[in-house]
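Read the structure below first, then the notes.
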Amino acid sequence: FRDPHFFDTDYSLLLNAYKTDTNYTDFKRKATGGKIGLGYQLTKFTIGSLSYRTDETLITDAGTAVSQILKEEFSKGTQSTGALGTSWTRNTTDKYLDPSRGSVQSASVEYAGGPFGGDSDFVKYFLNAKAYYPVFAPSVLSCNILWGHTVSTVGGRVPIFERYFLGGPYSIRGFKSRTLSPKDPNTGEQIGGNKELIMNVEYIVPLFNEFGFKA
């Protein structure tokens, strides 16, 4: 739930609750949690926000993993996370959905553990920039760059469910989902990374406007 003008003010309210059961190729992730956030319209195009999330995550069905790194992660059982995050977004696009011109820049930081409780201790950073240019109506040229970095604050490994596994239509096209990742040097199994850098350039052409299909 998101109210962009909470009580008819420049503040926005975000309330989110979830219970997910996700099957990946190498394990299953079950997560239950929620998030509450408060944003403020700083300028016509800029919003700043502060949020807190809490969840419990369980990794199951590890399959035939032989990597000691993976075995240690899978043996931890249910792990809880409490995190405080802040973000900044500047949006000058002509439409919130399917923009054809303008740009979006965003930055966020999330701190988990410490005074916010839970079993996970890390800091996660994101920087993202997108730009849209109309070419031959109604086609659009889209450019995107995303940088992410997650750092453990206690010197250990970042939890596997907070690591980056790239590939697929929502990160790097041409590769199967979650197939781009650092590997255990001893077994060759993918263990996820704590950094990501994604750059995309796409030429978007509507196929059936009434259904929102694009190529």
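By convention here, the chains of the structure tokens are called A, B, ... in the order presented, each chain's residues are numbered starting at 1, and ligands are numbered starting at 1 in the order presented.
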Leaving out A:Tyr133 and any residue of its chain fewer than 5 positions from it, which residues lie within 12 Å of it when counting only C-alpha atoms, given as a list in words? Thr93, Asp94, Asp98, Pro99, Ser100, Arg101, Gly102, Ser103, Pro138, Ser139, Val140, Leu141, Ser142, Cys143, Asn144, Val201, Glu202, Tyr203 and Ile204 of chain A
Using only C-alpha atoms, please write the residues we just selected to a file, as a CSV table (one decimal), in the first residue's frame.
```csv
chain,number,residue,atom,x,y,z
A,93,THR,CA,10.0,11.2,-17.0
A,94,ASP,CA,6.8,12.0,-18.9
A,98,ASP,CA,6.2,3.1,-19.9
A,99,PRO,CA,8.0,6.5,-20.1
A,100,SER,CA,9.1,7.8,-23.5
A,101,ARG,CA,11.3,10.7,-22.5
A,102,GLY,CA,13.1,12.0,-19.4
A,103,SER,CA,15.3,10.4,-16.8
A,138,PRO,CA,6.2,5.3,-30.6
A,139,SER,CA,9.6,3.5,-30.3
A,140,VAL,CA,12.0,4.5,-27.4
A,141,LEU,CA,15.7,4.2,-26.8
A,142,SER,CA,16.3,3.3,-23.1
A,143,CYS,CA,19.6,3.4,-21.3
A,144,ASN,CA,20.2,2.1,-17.8
A,201,VAL,CA,20.9,-0.1,-23.8
A,202,GLU,CA,17.5,-1.2,-25.3
A,203,TYR,CA,15.5,-0.1,-28.3
A,204,ILE,CA,11.8,-0.6,-27.3
```
So which residues touch A:Asp119 within 7 Å, counting only C-alpha atoms, skipping near sequence neighbours fewer than 3 positions away, as a PyMOL selection string? chain A and resi 79-81+113
For stretch 150-153 of chain A, work out the shell of residues within 10 Å, counting only C-alpha atoms and skipping chain neighbours fewer than 2 positions away, then give it as a list in words. Val109, Glu110, Tyr111, Ala112, Gly113, Gly114, Ser120, Asp121, Phe122, Val123, Lys124, Tyr125, Phe126, Gly148, Gly155, Gly156, Arg157, Val158, Pro159, Glu162, Arg163, Tyr164, Gly193, Asn194, Lys195 and Glu196 of chain A
Extract, using only C-alpha atoms, all DNA, RNA and protein residues at most 9 Å from A:Ile59, discarding same-chain residues fewer than 2 positions from it, and format them as a list in words. Phe27, Lys28, Arg29, Lys30, Ala31, Thr57, Asp61, Ala62, Glu73, Phe74, Ser75, Lys76, Gly77, Thr78, Gln79 and Phe161 of chain A
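Looking only at stretch 12-114 of chain A, the set that DSSP places in helix (DSSP H, G or I) from backbone geometry is Gln68, Ile69, Leu70, Lys71, Glu72, Glu73, Phe74 and Gly114 of chain A.
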Can those selected residues be exported to a file as a PDB file, in the first residue's frame so that it contains C-alpha atoms?
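The result, written out as result-v2.pdb:
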```pdb
ATOM      1  CA  GLN A  68      31.425 -25.724   2.011  1.00  0.00           C
ATOM      2  CA  ILE A  69      30.451 -22.069   1.591  1.00  0.00           C
ATOM      3  CA  LEU A  70      26.943 -23.044   0.501  1.00  0.00           C
ATOM      4  CA  LYS A  71      26.602 -25.756   3.144  1.00  0.00           C
ATOM      5  CA  GLU A  72      27.384 -23.224   5.870  1.00  0.00           C
ATOM      6  CA  GLU A  73      24.697 -20.887   4.525  1.00  0.00           C
ATOM      7  CA  PHE A  74      22.072 -23.606   4.140  1.00  0.00           C
ATOM      8  CA  GLY A 114      23.257  -3.696  15.097  1.00  0.00           C
TER       9      GLY A 114
END
```
Hey, what's within 9 Å of A:Ala17 if we count only C-alpha atoms and toss same-chain stuff fewer than 4 positions away? As a PyMOL selection string, please? chain A and resi 1+32-36
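Residues surrounding stretch 189-191 of chain A within 10 Å are Asp26, Ala65, Val66, Ser67, Ile69, Leu70, Glu73, Ile160, Arg163, Tyr164, Phe165, Arg178, Thr179, Leu180, Ser181, Pro182 and Lys183 of chain A [only C-alpha atoms; sequence separation below 6 positions excluded].
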Selected residues written out, all heavy atoms, as a compact mmCIF listing (two decimals), in the first residue's frame:
```
# COMPACT_ATOMS: atom_id res chain seq x y z
N ASP A 26 18.97 -23.61 -7.53
CA ASP A 26 19.85 -24.28 -6.58
C ASP A 26 19.31 -24.35 -5.15
O ASP A 26 19.87 -25.05 -4.31
CB ASP A 26 21.22 -23.60 -6.57
CG ASP A 26 21.11 -22.07 -6.61
OD1 ASP A 26 19.98 -21.56 -6.67
OD2 ASP A 26 22.16 -21.40 -6.60
N ALA A 65 24.32 -29.61 -3.25
CA ALA A 65 25.43 -28.68 -3.03
C ALA A 65 26.56 -29.35 -2.25
O ALA A 65 26.33 -30.01 -1.24
CB ALA A 65 24.95 -27.45 -2.28
N VAL A 66 27.79 -29.19 -2.76
CA VAL A 66 28.94 -29.75 -2.06
C VAL A 66 29.89 -28.65 -1.59
O VAL A 66 30.82 -28.92 -0.84
CB VAL A 66 29.71 -30.74 -2.98
CG1 VAL A 66 28.84 -31.95 -3.29
CG2 VAL A 66 30.17 -30.06 -4.26
N SER A 67 29.67 -27.42 -2.04
CA SER A 67 30.50 -26.29 -1.63
C SER A 67 30.36 -26.06 -0.13
O SER A 67 29.24 -25.96 0.39
CB SER A 67 30.10 -25.03 -2.38
OG SER A 67 30.67 -23.88 -1.78
N ILE A 69 31.04 -23.40 1.43
CA ILE A 69 30.45 -22.07 1.59
C ILE A 69 28.93 -22.15 1.56
O ILE A 69 28.24 -21.57 2.41
CB ILE A 69 30.96 -21.12 0.49
CG1 ILE A 69 32.47 -20.93 0.60
CG2 ILE A 69 30.24 -19.77 0.55
CD1 ILE A 69 33.07 -20.14 -0.55
N LEU A 70 28.39 -22.90 0.61
CA LEU A 70 26.94 -23.04 0.50
C LEU A 70 26.39 -23.86 1.66
O LEU A 70 25.33 -23.54 2.21
CB LEU A 70 26.58 -23.70 -0.83
CG LEU A 70 26.89 -22.88 -2.10
CD1 LEU A 70 26.51 -23.66 -3.34
CD2 LEU A 70 26.16 -21.54 -2.07
N GLU A 73 25.86 -21.76 4.66
CA GLU A 73 24.70 -20.89 4.53
C GLU A 73 23.40 -21.66 4.72
O GLU A 73 22.49 -21.22 5.42
CB GLU A 73 24.71 -20.22 3.14
CG GLU A 73 25.74 -19.13 2.98
CD GLU A 73 25.44 -17.91 3.82
OE1 GLU A 73 24.25 -17.62 4.06
OE2 GLU A 73 26.39 -17.25 4.27
N ILE A 160 23.41 -15.35 1.85
CA ILE A 160 23.25 -15.73 0.45
C ILE A 160 22.02 -15.10 -0.17
O ILE A 160 21.99 -14.79 -1.37
CB ILE A 160 23.23 -17.27 0.31
CG1 ILE A 160 23.38 -17.65 -1.16
CG2 ILE A 160 21.95 -17.85 0.92
CD1 ILE A 160 23.65 -19.11 -1.39
N ARG A 163 22.92 -11.67 -1.64
CA ARG A 163 23.97 -11.61 -2.64
C ARG A 163 23.36 -11.45 -4.03
O ARG A 163 22.17 -11.64 -4.24
CB ARG A 163 24.84 -12.87 -2.59
CG ARG A 163 25.57 -13.06 -1.27
CD ARG A 163 26.41 -14.32 -1.29
NE ARG A 163 26.77 -14.75 0.07
CZ ARG A 163 27.27 -15.93 0.37
NH1 ARG A 163 27.50 -16.81 -0.59
NH2 ARG A 163 27.55 -16.23 1.62
N TYR A 164 24.23 -11.16 -4.99
CA TYR A 164 23.77 -10.88 -6.35
C TYR A 164 24.02 -12.07 -7.27
O TYR A 164 25.15 -12.57 -7.37
CB TYR A 164 24.49 -9.65 -6.91
CG TYR A 164 24.35 -8.43 -6.03
CD1 TYR A 164 25.46 -7.88 -5.39
CD2 TYR A 164 23.12 -7.83 -5.84
CE1 TYR A 164 25.33 -6.76 -4.58
CE2 TYR A 164 22.98 -6.71 -5.03
CZ TYR A 164 24.10 -6.18 -4.40
OH TYR A 164 23.97 -5.08 -3.61
N PHE A 165 22.97 -12.50 -7.94
CA PHE A 165 23.03 -13.52 -8.97
C PHE A 165 22.38 -12.90 -10.21
O PHE A 165 21.16 -12.70 -10.24
CB PHE A 165 22.26 -14.79 -8.58
CG PHE A 165 22.83 -15.54 -7.41
CD1 PHE A 165 22.56 -15.14 -6.11
CD2 PHE A 165 23.63 -16.65 -7.61
CE1 PHE A 165 23.07 -15.84 -5.01
CE2 PHE A 165 24.14 -17.37 -6.53
CZ PHE A 165 23.87 -16.95 -5.23
N ARG A 178 19.97 -15.83 -13.08
CA ARG A 178 20.84 -16.19 -11.96
C ARG A 178 22.01 -17.09 -12.37
O ARG A 178 22.47 -17.90 -11.59
CB ARG A 178 20.02 -16.87 -10.86
CG ARG A 178 18.99 -15.96 -10.23
CD ARG A 178 18.10 -16.73 -9.26
NE ARG A 178 18.85 -17.37 -8.20
CZ ARG A 178 19.22 -16.77 -7.06
NH1 ARG A 178 18.91 -15.50 -6.86
NH2 ARG A 178 19.88 -17.43 -6.12
N THR A 179 22.52 -16.93 -13.60
CA THR A 179 23.65 -17.75 -14.04
C THR A 179 24.97 -16.99 -14.03
O THR A 179 26.02 -17.59 -14.31
CB THR A 179 23.40 -18.30 -15.46
OG1 THR A 179 23.18 -17.21 -16.37
CG2 THR A 179 22.20 -19.23 -15.48
N LEU A 180 24.95 -15.70 -13.71
CA LEU A 180 26.17 -14.90 -13.65
C LEU A 180 26.49 -14.61 -12.18
O LEU A 180 25.78 -13.87 -11.52
CB LEU A 180 26.01 -13.59 -14.42
CG LEU A 180 25.76 -13.73 -15.92
CD1 LEU A 180 25.55 -12.36 -16.55
CD2 LEU A 180 26.91 -14.45 -16.60
N SER A 181 27.57 -15.20 -11.70
CA SER A 181 27.88 -15.11 -10.28
C SER A 181 29.30 -15.61 -10.03
O SER A 181 29.79 -16.48 -10.76
CB SER A 181 26.88 -15.94 -9.47
OG SER A 181 27.40 -16.32 -8.21
N PRO A 182 29.98 -15.11 -8.99
CA PRO A 182 31.24 -15.74 -8.59
C PRO A 182 31.01 -17.20 -8.22
O PRO A 182 29.90 -17.57 -7.81
CB PRO A 182 31.65 -14.92 -7.36
CG PRO A 182 30.96 -13.62 -7.53
CD PRO A 182 29.66 -13.91 -8.19
N LYS A 183 32.06 -18.00 -8.36
CA LYS A 183 31.95 -19.43 -8.08
C LYS A 183 32.92 -19.85 -7.00
O LYS A 183 33.96 -19.23 -6.80
CB LYS A 183 32.22 -20.24 -9.36
CG LYS A 183 31.21 -19.99 -10.47
CD LYS A 183 31.54 -20.84 -11.70
CE LYS A 183 30.51 -20.61 -12.79
NZ LYS A 183 30.78 -21.44 -14.00
```
